[in-house]
Amino acid sequence: MITIENLSKTYGGTSVVRDISFKARPGRVTGFLGPNGAGKSTSMRMMVGLTTPTSGTATINERRFVDLPNPGREVGVMLDASAQHAGRTGRETLTIAQRMMGIPASRVAELLELVSLTATEADRRVGNYSLGMRQRLGIAAALIGDPQVLILDEPANGLDPAGIRWMRDLLRDYADHGGTVLLSSHLLNEIEIIADDIVMIGQGRIVCQGSKTELLQAAGTVVRSPDSERLHRALVAAGIAATESGDGAFRTGAGITEVGRAAHKAGVLLTELRASDSGGLEDMFLELTADTQRERTAA
Amino acid sequence: MTTITDEAVRARRTEIAQIPLSRVVSVELRKMFDTRAGFWLIASLAITGVFATIATIAFAPDQSLTYYTFAKAIGFPMTVILPMIALLSLTSEWSQRSGLTTFTYLPNRRRVVLAKTLSSVTVAVASMGLAFAAGAIGTVVGSHIAGTSTVWDLSLGHALTIVLGNLTCLLTGTMLGMLLRSSAGGLVTYFVITLLLPTLFGLLASTQDWFHDLRPWVDLSLARSSLFEGMHTGDQWAHLAVAVALWIVLPAAFGLRQVMRAEVK
Ligand SMILES: Nc1ncnc2c1ncn2[C@@H]1O[C@H](COP(=O)(O)OP(=O)(O)O)[C@@H](O)[C@H]1O
Ligand SMILES: [Mg+2]
C-alpha cells in the first residue's frame, strides 16, 4: 500500500506538485496519468526519498521509504530505465542489486529469464541496450528483491505492442498475488490497458481519481457561469476538482447534482449545467494535454 | 484480502534486517572494478608499478638501487591514480545517473558515502601493500643485477607516513567527488589543484614575503611531501594538520552536506 498525503513540491517559486493525496492499494494496478511535465516523476521521486518534499508525506506500508531497513525487499523501484551505468553489463547490474539486498545469487538468472533477456544480451554492456531492453532490465531490478510494492515511472516507454502486452500480463499477475503497483504514463491508452485504478494529474494537481470502470463510465459534468471566478471558488469550497475549458465553462468528474448543489449553496448563477457528451476521462485528459501545449507555445 | 496482505507485510518485515555496512562496502568495492573504466584504472596501478620497477633498475644509478628508491618509484603513480578511483566511485552515481538505483537500494546517503570511502581506502591500502612487496622484489633483483649489496633503507615508521600521505591524496578525490558530483568537472579540478596549485603557491611564496611564512600551513602538497620524505619535526605535523583541515576536512564536510540534500534525478 502506498499512501500519499498532501504532497507538494516547489522549485524556487514554481509549484510543480500541488497538494496531492491518493492511495495505491494492494491487489490493484494504479495508473498515474498525466501529460508531460504534469509532475508525475517529481511525485515518484518524492515517494522514494530522492527528492525532498516541500510539504506532505508519502509512506509505503505505513513507513517512510527512507526508514525501510532494506527497501529493495519491500519496494521495487524503476524511475528511469536509462539511469544505469553504461559500462556495466545487464547481469552485473542485477548482481549488484542482488548483493546489496542480500538475496540468493540464483535470483539473477531467474529474473533475467522472467524479463526474457538472453544470456548473451545479459553479458552486453547496458550502454549498448535498446530502450526496450533497458526497461526489461529495470523491471528485473525492481522485482529481484521480491517486493510487495512496485513504483514504476513510464515503464511502457520504448516497448513495442507485444512488450506492452507482456508488461500488462506481468503486472496483472503481480497484483493478483496481492502486490501493489503504481505506474505512470503520459498515454491514456497505456493506462487503459494496464491499470485498475487511475489517478489523473495535470499541472501538479490531481484532476480526478477512481477506478477505471467508474471513470470511463462517468460522463462528467460541464458547468458554466457568467461569474466563472465565483463558480470556481464554489466548486473548490465543495471539494470538487474541476478544470476550466477556456471559454468560462468548467469540466469535472463530479455528478450533475453534486455540482448543482455546490453552486446553489454559494448562490452562483449558472447558465449551463449538463452531462458532458462523451467519456469524461478522455475529454479531461485531452484538455489537460491541450492546456500544456498551449502553455508551451505561449512560452 | 487486506488482512492477508497486512499479515504478509508484517511477516516479511520481521525477516528483513538492516543492510550491514560490510555488505555495502563489498558492493562498492565490486562497483569499482566492474566497469571498463574502473577495471583499467585498477589495472593501471599494477601496470605502472611494473614499469616503475623496470625503469628504476634500468635507469637509476647503481648505488641508489635501494628499497626506498623502489618503493618511491612504484608508489608515485598511485598517488595520482588512487584519487581518481575514489573520485569516480562517487561522481559516477551522478554522471552515470546510477545514483537513482544506488540511493533507492540504500536511502541513507551518509552510509553510501562512508562505504565508498572505506572501499577506496581498502583499495589504497591493498595496492600499497603490493607496492611495498614489488619494491622488495625490485631491490633484491636490482642489486643482484647491479652487483651491489641490497639496502633496506625504509623504516616502518616512514613506510606508515608514506601510506598516510597516499591516503591524503586519495581523500582529496573523495572530497572533490562529494563537492562536485560530476566526473568530468571532478577530474579537471583534481588536476588543477594537484598540478597547478603547488606551482602557484611556489611562485607566490618566492615573490610575496607575507606568503612565504604562511605557505607551509596552506600548501597541502608541500605539507604532504614531508610525509613521503620523512616526518622529522612537530612543526611538520602541525602544518599537515592545518593544511588537511583546510583542503580536505572542511570542503568534505560541505560536500557531504550537499550530497545529503541534493536531488537525485
Ligand atoms: N529541479 C527543478 N527545477 C525547476 N523545475 C523543475 C525541476 N524539476 C522538474 N521541474 C519541472 O517540474 C515539472 C514536472 O516535471 P516532472 O515531474 O518530470 O513531470 P512528468 O514526469 O509528469 O513529465 C516540469 O514542468 C519540470 O520542468
Ligand atoms: Mg516523467
# chains A, B, ... in the order shown; residues from 1 in each chain; ligands from 1

$ residues_near_ligand --ligand "ligand 1" --cutoff "7 Å" --atoms "only C-alpha atoms and all ligand atoms" --output "PDB file with N, CA, C and O atoms, in the first residue's frame"
ATOM      1  N   TYR A  11       9.770  24.445  -6.647  1.00  0.00           N
ATOM      2  CA  TYR A  11      11.151  24.775  -7.042  1.00  0.00           C
ATOM      3  C   TYR A  11      11.234  26.279  -7.199  1.00  0.00           C
ATOM      4  O   TYR A  11      10.577  26.828  -8.076  1.00  0.00           O
ATOM      5  N   THR A  14       8.153  28.102  -8.341  1.00  0.00           N
ATOM      6  CA  THR A  14       7.226  27.330  -9.167  1.00  0.00           C
ATOM      7  C   THR A  14       6.711  26.090  -8.450  1.00  0.00           C
ATOM      8  O   THR A  14       7.492  25.255  -8.007  1.00  0.00           O
ATOM      9  N   VAL A  16       5.346  22.594  -8.597  1.00  0.00           N
ATOM     10  CA  VAL A  16       5.394  21.520  -9.581  1.00  0.00           C
ATOM     11  C   VAL A  16       4.431  20.406  -9.193  1.00  0.00           C
ATOM     12  O   VAL A  16       3.782  19.797 -10.021  1.00  0.00           O
ATOM     13  N   GLY A  34      -0.875  11.524 -16.705  1.00  0.00           N
ATOM     14  CA  GLY A  34      -0.814  12.970 -16.866  1.00  0.00           C
ATOM     15  C   GLY A  34       0.092  13.319 -18.026  1.00  0.00           C
ATOM     16  O   GLY A  34       1.005  12.559 -18.343  1.00  0.00           O
ATOM     17  N   PRO A  35      -0.155  14.471 -18.662  1.00  0.00           N
ATOM     18  CA  PRO A  35       0.696  14.868 -19.782  1.00  0.00           C
ATOM     19  C   PRO A  35       2.136  15.120 -19.328  1.00  0.00           C
ATOM     20  O   PRO A  35       2.408  15.192 -18.128  1.00  0.00           O
ATOM     21  N   ASN A  36       3.040  15.264 -20.277  1.00  0.00           N
ATOM     22  CA  ASN A  36       4.432  15.553 -19.934  1.00  0.00           C
ATOM     23  C   ASN A  36       4.517  16.815 -19.097  1.00  0.00           C
ATOM     24  O   ASN A  36       3.856  17.800 -19.381  1.00  0.00           O
ATOM     25  N   GLY A  37       5.339  16.772 -18.049  1.00  0.00           N
ATOM     26  CA  GLY A  37       5.535  17.948 -17.210  1.00  0.00           C
ATOM     27  C   GLY A  37       4.459  18.117 -16.152  1.00  0.00           C
ATOM     28  O   GLY A  37       4.427  19.126 -15.451  1.00  0.00           O
ATOM     29  N   ALA A  38       3.576  17.115 -16.007  1.00  0.00           N
ATOM     30  CA  ALA A  38       2.476  17.241 -15.050  1.00  0.00           C
ATOM     31  C   ALA A  38       2.953  17.100 -13.604  1.00  0.00           C
ATOM     32  O   ALA A  38       2.283  17.544 -12.678  1.00  0.00           O
ATOM     33  N   GLY A  39       4.131  16.490 -13.413  1.00  0.00           N
ATOM     34  CA  GLY A  39       4.642  16.310 -12.054  1.00  0.00           C
ATOM     35  C   GLY A  39       4.667  14.859 -11.597  1.00  0.00           C
ATOM     36  O   GLY A  39       4.866  14.596 -10.413  1.00  0.00           O
ATOM     37  N   LYS A  40       4.502  13.931 -12.529  1.00  0.00           N
ATOM     38  CA  LYS A  40       4.493  12.510 -12.161  1.00  0.00           C
ATOM     39  C   LYS A  40       5.847  12.058 -11.623  1.00  0.00           C
ATOM     40  O   LYS A  40       5.932  11.476 -10.544  1.00  0.00           O
ATOM     41  N   SER A  41       6.907  12.343 -12.381  1.00  0.00           N
ATOM     42  CA  SER A  41       8.236  11.879 -11.957  1.00  0.00           C
ATOM     43  C   SER A  41       8.648  12.538 -10.648  1.00  0.00           C
ATOM     44  O   SER A  41       9.216  11.879  -9.764  1.00  0.00           O
ATOM     45  N   THR A  42       8.370  13.818 -10.509  1.00  0.00           N
ATOM     46  CA  THR A  42       8.715  14.519  -9.268  1.00  0.00           C
ATOM     47  C   THR A  42       7.997  13.858  -8.093  1.00  0.00           C
ATOM     48  O   THR A  42       8.606  13.608  -7.046  1.00  0.00           O
ATOM     49  N   SER A  43       6.709  13.541  -8.267  1.00  0.00           N
ATOM     50  CA  SER A  43       5.965  12.881  -7.190  1.00  0.00           C
ATOM     51  C   SER A  43       6.606  11.551  -6.840  1.00  0.00           C
ATOM     52  O   SER A  43       6.769  11.216  -5.664  1.00  0.00           O
TER      53      SER A  43
END

$ residues_around --residues "B:Leu118" --least-positions-apart "6" --cutoff "10 Å" --atoms "only C-alpha atoms" --output "list in words"
Leu21, Ser22, Val24, Val25, Ser26, Glu28, Leu29, Ala86, Val112 and Ala124 of chain B

$ interface_residues --of "chain B" --to "chain A" --cutoff "10 Å" --atoms "only C-alpha atoms" --output "ChimeraX atom specification"
/B:1-2,4-6,8-10,12-13,16-20,23-28,30-31,33-38,92-109,260-265

$ write_last_selection --atoms "C-alpha atoms" --output "PDB file, in the first residue's frame"
ATOM      1  CA  MET B   1      -7.810  -9.507   1.213  1.00  0.00           C
ATOM      2  CA  THR B   2      -6.485  -6.512   3.102  1.00  0.00           C
ATOM      3  CA  ILE B   4      -3.998 -11.192   4.339  1.00  0.00           C
ATOM      4  CA  THR B   5      -1.727  -8.608   2.760  1.00  0.00           C
ATOM      5  CA  ASP B   6      -1.188  -6.810   6.058  1.00  0.00           C
ATOM      6  CA  ALA B   8       2.185 -10.732   4.594  1.00  0.00           C
ATOM      7  CA  VAL B   9       3.761  -7.316   5.082  1.00  0.00           C
ATOM      8  CA  ARG B  10       4.284  -7.934   8.762  1.00  0.00           C
ATOM      9  CA  ARG B  12       8.125 -10.099   5.653  1.00  0.00           C
ATOM     10  CA  ARG B  13       9.156  -7.239   7.916  1.00  0.00           C
ATOM     11  CA  ILE B  16      14.159  -8.189   6.856  1.00  0.00           C
ATOM     12  CA  ALA B  17      17.238  -6.854   8.610  1.00  0.00           C
ATOM     13  CA  GLN B  18      19.162  -3.631   8.176  1.00  0.00           C
ATOM     14  CA  ILE B  19      21.793  -3.808   5.411  1.00  0.00           C
ATOM     15  CA  PRO B  20      25.130  -4.222   7.235  1.00  0.00           C
ATOM     16  CA  ARG B  23      27.898  -5.579   2.685  1.00  0.00           C
ATOM     17  CA  VAL B  24      27.664  -2.052   1.314  1.00  0.00           C
ATOM     18  CA  VAL B  25      31.471  -1.788   1.354  1.00  0.00           C
ATOM     19  CA  SER B  26      31.848  -5.063  -0.535  1.00  0.00           C
ATOM     20  CA  VAL B  27      29.282  -3.991  -3.145  1.00  0.00           C
ATOM     21  CA  GLU B  28      31.006  -0.635  -3.564  1.00  0.00           C
ATOM     22  CA  ARG B  30      32.842  -4.565  -6.671  1.00  0.00           C
ATOM     23  CA  LYS B  31      31.462  -1.481  -8.430  1.00  0.00           C
ATOM     24  CA  PHE B  33      36.152  -2.996 -10.753  1.00  0.00           C
ATOM     25  CA  ASP B  34      33.144  -3.999 -12.795  1.00  0.00           C
ATOM     26  CA  THR B  35      33.128  -1.266 -15.445  1.00  0.00           C
ATOM     27  CA  ARG B  36      35.673  -0.935 -18.219  1.00  0.00           C
ATOM     28  CA  ALA B  37      36.915   2.425 -16.901  1.00  0.00           C
ATOM     29  CA  GLY B  38      37.201   1.079 -13.366  1.00  0.00           C
ATOM     30  CA  SER B  92      29.605   8.187 -11.433  1.00  0.00           C
ATOM     31  CA  GLU B  93      26.449   7.950  -9.311  1.00  0.00           C
ATOM     32  CA  TRP B  94      25.549  11.369 -10.707  1.00  0.00           C
ATOM     33  CA  SER B  95      27.321  11.441 -14.056  1.00  0.00           C
ATOM     34  CA  GLN B  96      26.111   7.948 -14.993  1.00  0.00           C
ATOM     35  CA  ARG B  97      22.878   8.517 -13.059  1.00  0.00           C
ATOM     36  CA  SER B  98      23.242   5.150 -11.335  1.00  0.00           C
ATOM     37  CA  GLY B  99      22.577   7.003  -8.064  1.00  0.00           C
ATOM     38  CA  LEU B 100      18.911   6.668  -8.925  1.00  0.00           C
ATOM     39  CA  THR B 101      19.189   2.964  -8.079  1.00  0.00           C
ATOM     40  CA  THR B 102      22.038   3.139  -5.546  1.00  0.00           C
ATOM     41  CA  PHE B 103      20.133   5.570  -3.336  1.00  0.00           C
ATOM     42  CA  THR B 104      16.916   3.600  -3.597  1.00  0.00           C
ATOM     43  CA  TYR B 105      18.675   0.385  -2.508  1.00  0.00           C
ATOM     44  CA  LEU B 106      20.117   2.361   0.414  1.00  0.00           C
ATOM     45  CA  PRO B 107      18.439   5.730   1.057  1.00  0.00           C
ATOM     46  CA  ASN B 108      20.839   6.585   3.881  1.00  0.00           C
ATOM     47  CA  ARG B 109      23.295   8.551   1.764  1.00  0.00           C
ATOM     48  CA  MET B 260      22.637  14.680   1.740  1.00  0.00           C
ATOM     49  CA  ARG B 261      20.410  17.383   0.289  1.00  0.00           C
ATOM     50  CA  ALA B 262      20.947  17.219  -3.453  1.00  0.00           C
ATOM     51  CA  GLU B 263      18.107  15.944  -5.535  1.00  0.00           C
ATOM     52  CA  VAL B 264      18.977  12.741  -7.393  1.00  0.00           C
ATOM     53  CA  LYS B 265      17.486  12.640 -10.873  1.00  0.00           C
TER      54      LYS B 265
END

$ residues_around --residues "stretch 68-73 of chain B" --least-positions-apart "6" --cutoff "8 Å" --atoms "only C-alpha atoms" --output "PDB file with N, CA and C atoms, in the first residue's frame"
ATOM      1  N   GLY B  49      53.155   0.072 -11.812  1.00  0.00           N
ATOM      2  CA  GLY B  49      54.056  -0.480 -10.796  1.00  0.00           C
ATOM      3  C   GLY B  49      55.172  -1.288 -11.437  1.00  0.00           C
ATOM      4  N   ALA B  52      57.493   1.023 -13.350  1.00  0.00           N
ATOM      5  CA  ALA B  52      58.346   1.800 -12.457  1.00  0.00           C
ATOM      6  C   ALA B  52      59.509   0.943 -11.958  1.00  0.00           C
ATOM      7  N   THR B  53      59.206  -0.337 -11.648  1.00  0.00           N
ATOM      8  CA  THR B  53      60.270  -1.223 -11.169  1.00  0.00           C
ATOM      9  C   THR B  53      61.343  -1.401 -12.248  1.00  0.00           C
ATOM     10  N   THR B  56      63.340   1.760 -12.870  1.00  0.00           N
ATOM     11  CA  THR B  56      64.299   2.043 -11.806  1.00  0.00           C
ATOM     12  C   THR B  56      65.562   1.206 -11.987  1.00  0.00           C
ATOM     13  N   ALA B 131      52.705  -2.608  -3.524  1.00  0.00           N
ATOM     14  CA  ALA B 131      53.825  -1.775  -3.964  1.00  0.00           C
ATOM     15  C   ALA B 131      55.060  -2.033  -3.107  1.00  0.00           C
ATOM     16  N   PHE B 132      54.848  -2.156  -1.786  1.00  0.00           N
ATOM     17  CA  PHE B 132      55.989  -2.434  -0.909  1.00  0.00           C
ATOM     18  C   PHE B 132      56.587  -3.802  -1.234  1.00  0.00           C
ATOM     19  N   ALA B 134      56.384  -5.363  -4.206  1.00  0.00           N
ATOM     20  CA  ALA B 134      57.056  -5.258  -5.503  1.00  0.00           C
ATOM     21  C   ALA B 134      58.391  -4.539  -5.341  1.00  0.00           C
ATOM     22  N   GLY B 135      58.405  -3.540  -4.458  1.00  0.00           N
ATOM     23  CA  GLY B 135      59.648  -2.803  -4.200  1.00  0.00           C
ATOM     24  C   GLY B 135      60.723  -3.726  -3.636  1.00  0.00           C
ATOM     25  N   ALA B 136      60.294  -4.644  -2.758  1.00  0.00           N
ATOM     26  CA  ALA B 136      61.256  -5.583  -2.166  1.00  0.00           C
ATOM     27  C   ALA B 136      61.855  -6.477  -3.245  1.00  0.00           C
ATOM     28  N   GLY B 138      62.041  -5.774  -6.414  1.00  0.00           N
ATOM     29  CA  GLY B 138      62.900  -4.913  -7.238  1.00  0.00           C
ATOM     30  C   GLY B 138      64.258  -4.693  -6.588  1.00  0.00           C
ATOM     31  N   THR B 139      64.255  -4.507  -5.264  1.00  0.00           N
ATOM     32  CA  THR B 139      65.511  -4.256  -4.552  1.00  0.00           C
ATOM     33  C   THR B 139      66.459  -5.456  -4.670  1.00  0.00           C
ATOM     34  N   TRP B 152      68.178  -2.020   2.740  1.00  0.00           N
ATOM     35  CA  TRP B 152      66.800  -1.832   3.222  1.00  0.00           C
ATOM     36  C   TRP B 152      66.753  -0.533   4.006  1.00  0.00           C
ATOM     37  N   ASP B 153      66.492   0.565   3.311  1.00  0.00           N
ATOM     38  CA  ASP B 153      66.601   1.867   3.968  1.00  0.00           C
ATOM     39  C   ASP B 153      65.244   2.535   4.170  1.00  0.00           C
ATOM     40  N   LEU B 154      64.248   1.726   4.533  1.00  0.00           N
ATOM     41  CA  LEU B 154      62.939   2.308   4.808  1.00  0.00           C
ATOM     42  C   LEU B 154      62.463   1.774   6.146  1.00  0.00           C
TER      43      LEU B 154
END

$ residues_around --residues "A:Met200" --least-positions-apart "6" --cutoff "9 Å" --atoms "only C-alpha atoms" --output "JSON, numbers by chain"
{"A": [31, 32, 33, 34, 206, 207, 208, 209, 281, 285]}

$ atom_distance --atom1 "atom CA of B:Pro83" --atom2 "atom CA of B:Ser226"
19.0 Å

$ atom_distance --atom1 "atom CA of B:Leu195" --atom2 "atom CA of B:Gly173"
13.9 Å

$ atom_distance --atom1 "atom CA of A:Tyr174" --atom2 "atom CA of A:Leu117"
19.3 Å

$ residues_around --residues "stretch 158-167 of chain A" --least-positions-apart "4" --cutoff "10 Å" --atoms "only C-alpha atoms" --output "short mmCIF file (atom, residue, chain, number, x, y, z; two decimals) with all heavy atoms, in the first residue's frame"
data_model
loop_
_atom_site.label_atom_id
_atom_site.label_comp_id
_atom_site.auth_asym_id
_atom_site.auth_seq_id
_atom_site.Cartn_x
_atom_site.Cartn_y
_atom_site.Cartn_z
N ALA A 81 14.73 3.99 -16.79
CA ALA A 81 15.45 2.80 -17.24
C ALA A 81 16.82 3.15 -17.80
O ALA A 81 17.72 2.33 -17.81
CB ALA A 81 14.63 2.07 -18.29
N VAL A 115 12.26 -11.63 -17.52
CA VAL A 115 12.10 -10.49 -18.41
C VAL A 115 12.62 -10.80 -19.82
O VAL A 115 12.79 -9.89 -20.63
CB VAL A 115 12.78 -9.21 -17.85
CG1 VAL A 115 12.21 -8.84 -16.50
CG2 VAL A 115 14.28 -9.37 -17.76
N SER A 130 18.95 -1.37 -26.23
CA SER A 130 17.85 -0.54 -26.72
C SER A 130 17.00 -0.10 -25.53
O SER A 130 17.11 -0.67 -24.45
CB SER A 130 16.99 -1.33 -27.70
OG SER A 130 16.31 -2.35 -26.99
N LEU A 131 16.14 0.92 -25.75
CA LEU A 131 15.30 1.40 -24.65
C LEU A 131 14.43 0.27 -24.10
O LEU A 131 14.27 0.12 -22.88
CB LEU A 131 14.45 2.58 -25.11
CG LEU A 131 13.56 3.20 -24.03
CD1 LEU A 131 14.35 3.60 -22.80
CD2 LEU A 131 12.81 4.42 -24.57
N GLY A 132 13.89 -0.55 -25.00
CA GLY A 132 13.04 -1.66 -24.57
C GLY A 132 13.80 -2.64 -23.68
O GLY A 132 13.28 -3.11 -22.66
N MET A 133 15.06 -2.94 -24.05
CA MET A 133 15.87 -3.86 -23.23
C MET A 133 16.16 -3.24 -21.87
O MET A 133 16.17 -3.92 -20.84
CB MET A 133 17.18 -4.20 -23.94
CG MET A 133 17.02 -5.16 -25.09
SD MET A 133 18.48 -5.16 -26.15
CE MET A 133 19.61 -6.13 -25.18
N ARG A 134 16.41 -1.93 -21.87
CA ARG A 134 16.66 -1.26 -20.59
C ARG A 134 15.44 -1.32 -19.69
O ARG A 134 15.55 -1.49 -18.48
CB ARG A 134 17.04 0.20 -20.81
CG ARG A 134 18.43 0.35 -21.34
CD ARG A 134 18.73 1.80 -21.63
NE ARG A 134 19.81 1.86 -22.61
CZ ARG A 134 20.72 2.81 -22.67
NH1 ARG A 134 20.66 3.81 -21.85
NH2 ARG A 134 21.65 2.77 -23.57
N GLN A 135 14.26 -1.15 -20.29
CA GLN A 135 13.02 -1.23 -19.50
C GLN A 135 12.92 -2.62 -18.88
O GLN A 135 12.56 -2.77 -17.71
CB GLN A 135 11.79 -0.97 -20.36
CG GLN A 135 11.71 0.44 -20.93
CD GLN A 135 11.26 1.48 -19.92
OE1 GLN A 135 11.37 1.29 -18.73
NE2 GLN A 135 10.75 2.60 -20.42
N ARG A 136 13.22 -3.66 -19.67
CA ARG A 136 13.13 -5.02 -19.14
C ARG A 136 14.13 -5.21 -18.00
O ARG A 136 13.80 -5.80 -16.96
CB ARG A 136 13.41 -6.04 -20.25
CG ARG A 136 12.24 -6.18 -21.21
CD ARG A 136 12.66 -6.94 -22.45
NE ARG A 136 11.57 -6.95 -23.42
CZ ARG A 136 10.62 -7.87 -23.45
NH1 ARG A 136 10.65 -8.86 -22.58
NH2 ARG A 136 9.64 -7.80 -24.33
N ILE A 139 12.83 -3.45 -14.94
CA ILE A 139 11.76 -4.23 -14.30
C ILE A 139 12.37 -5.38 -13.50
O ILE A 139 11.97 -5.65 -12.36
CB ILE A 139 10.80 -4.82 -15.36
CG1 ILE A 139 10.13 -3.70 -16.16
CG2 ILE A 139 9.78 -5.73 -14.72
CD1 ILE A 139 8.96 -3.08 -15.49
N GLU A 154 6.85 5.47 -16.10
CA GLU A 154 6.78 5.27 -17.55
C GLU A 154 7.42 3.95 -17.98
O GLU A 154 8.28 3.93 -18.87
CB GLU A 154 7.46 6.43 -18.30
CG GLU A 154 6.96 7.81 -17.91
CD GLU A 154 5.94 8.37 -18.89
OE1 GLU A 154 5.57 7.67 -19.86
OE2 GLU A 154 5.48 9.52 -18.66
N LEU A 171 2.28 -7.44 -14.68
CA LEU A 171 1.80 -6.61 -13.57
C LEU A 171 0.45 -7.12 -13.06
O LEU A 171 0.17 -7.09 -11.86
CB LEU A 171 1.71 -5.14 -13.99
CG LEU A 171 3.05 -4.51 -14.37
CD1 LEU A 171 2.87 -3.05 -14.74
CD2 LEU A 171 4.06 -4.66 -13.24
N ARG A 172 -0.38 -7.60 -14.00
CA ARG A 172 -1.68 -8.18 -13.62
C ARG A 172 -1.46 -9.34 -12.65
O ARG A 172 -2.06 -9.42 -11.59
CB ARG A 172 -2.37 -8.65 -14.91
CG ARG A 172 -3.71 -9.31 -14.78
CD ARG A 172 -4.82 -8.31 -14.55
NE ARG A 172 -4.94 -8.02 -13.12
CZ ARG A 172 -5.18 -6.83 -12.61
NH1 ARG A 172 -5.33 -5.78 -13.40
NH2 ARG A 172 -5.27 -6.65 -11.33
N ASP A 173 -0.56 -10.22 -13.05
CA ASP A 173 -0.26 -11.41 -12.25
C ASP A 173 0.28 -10.99 -10.88
O ASP A 173 -0.11 -11.54 -9.84
CB ASP A 173 0.77 -12.25 -13.00
CG ASP A 173 1.01 -13.58 -12.32
OD1 ASP A 173 0.03 -14.30 -12.12
OD2 ASP A 173 2.18 -13.87 -11.99
N GLU A 190 -2.30 3.47 -22.77
CA GLU A 190 -1.45 2.54 -21.99
C GLU A 190 -2.09 2.28 -20.64
O GLU A 190 -2.17 1.13 -20.19
CB GLU A 190 -0.08 3.18 -21.73
CG GLU A 190 0.97 2.80 -22.75
CD GLU A 190 2.27 3.56 -22.48
OE1 GLU A 190 2.53 3.99 -21.33
OE2 GLU A 190 3.00 3.73 -23.46
N ILE A 193 -5.10 0.13 -20.79
CA ILE A 193 -4.79 -1.28 -20.98
C ILE A 193 -4.38 -1.93 -19.66
O ILE A 193 -4.78 -3.03 -19.34
CB ILE A 193 -3.65 -1.46 -22.02
CG1 ILE A 193 -4.14 -1.06 -23.41
CG2 ILE A 193 -3.14 -2.89 -22.04
CD1 ILE A 193 -3.05 -1.06 -24.45
N ILE A 194 -3.54 -1.22 -18.87
CA ILE A 194 -2.88 -1.87 -17.74
C ILE A 194 -3.57 -1.65 -16.38
O ILE A 194 -3.61 -2.54 -15.55
CB ILE A 194 -1.40 -1.42 -17.65
CG1 ILE A 194 -0.66 -1.78 -18.94
CG2 ILE A 194 -0.70 -2.05 -16.47
CD1 ILE A 194 0.78 -1.36 -19.00
#

$ select_by_dssp --residues "stretch 41-104 of chain A" --states "strand (DSSP E or B)" --output "PyMOL selection string"
chain A and resi 55-60+63+75-78+89

$ select_by_dssp --residues "stretch 91-280 of chain A" --states "alpha helix (DSSP H)" --output "PyMOL selection string"
chain A and resi 91-101+106-114+119-122+131-143+161-176+188-194+212-217+228-237+256-266+280

$ closest_residue --among "A:His186, A:Arg168, A:Lys265, A:Arg91" --to "ligand 2" --atoms "only C-alpha atoms and all ligand atoms"
A:His186
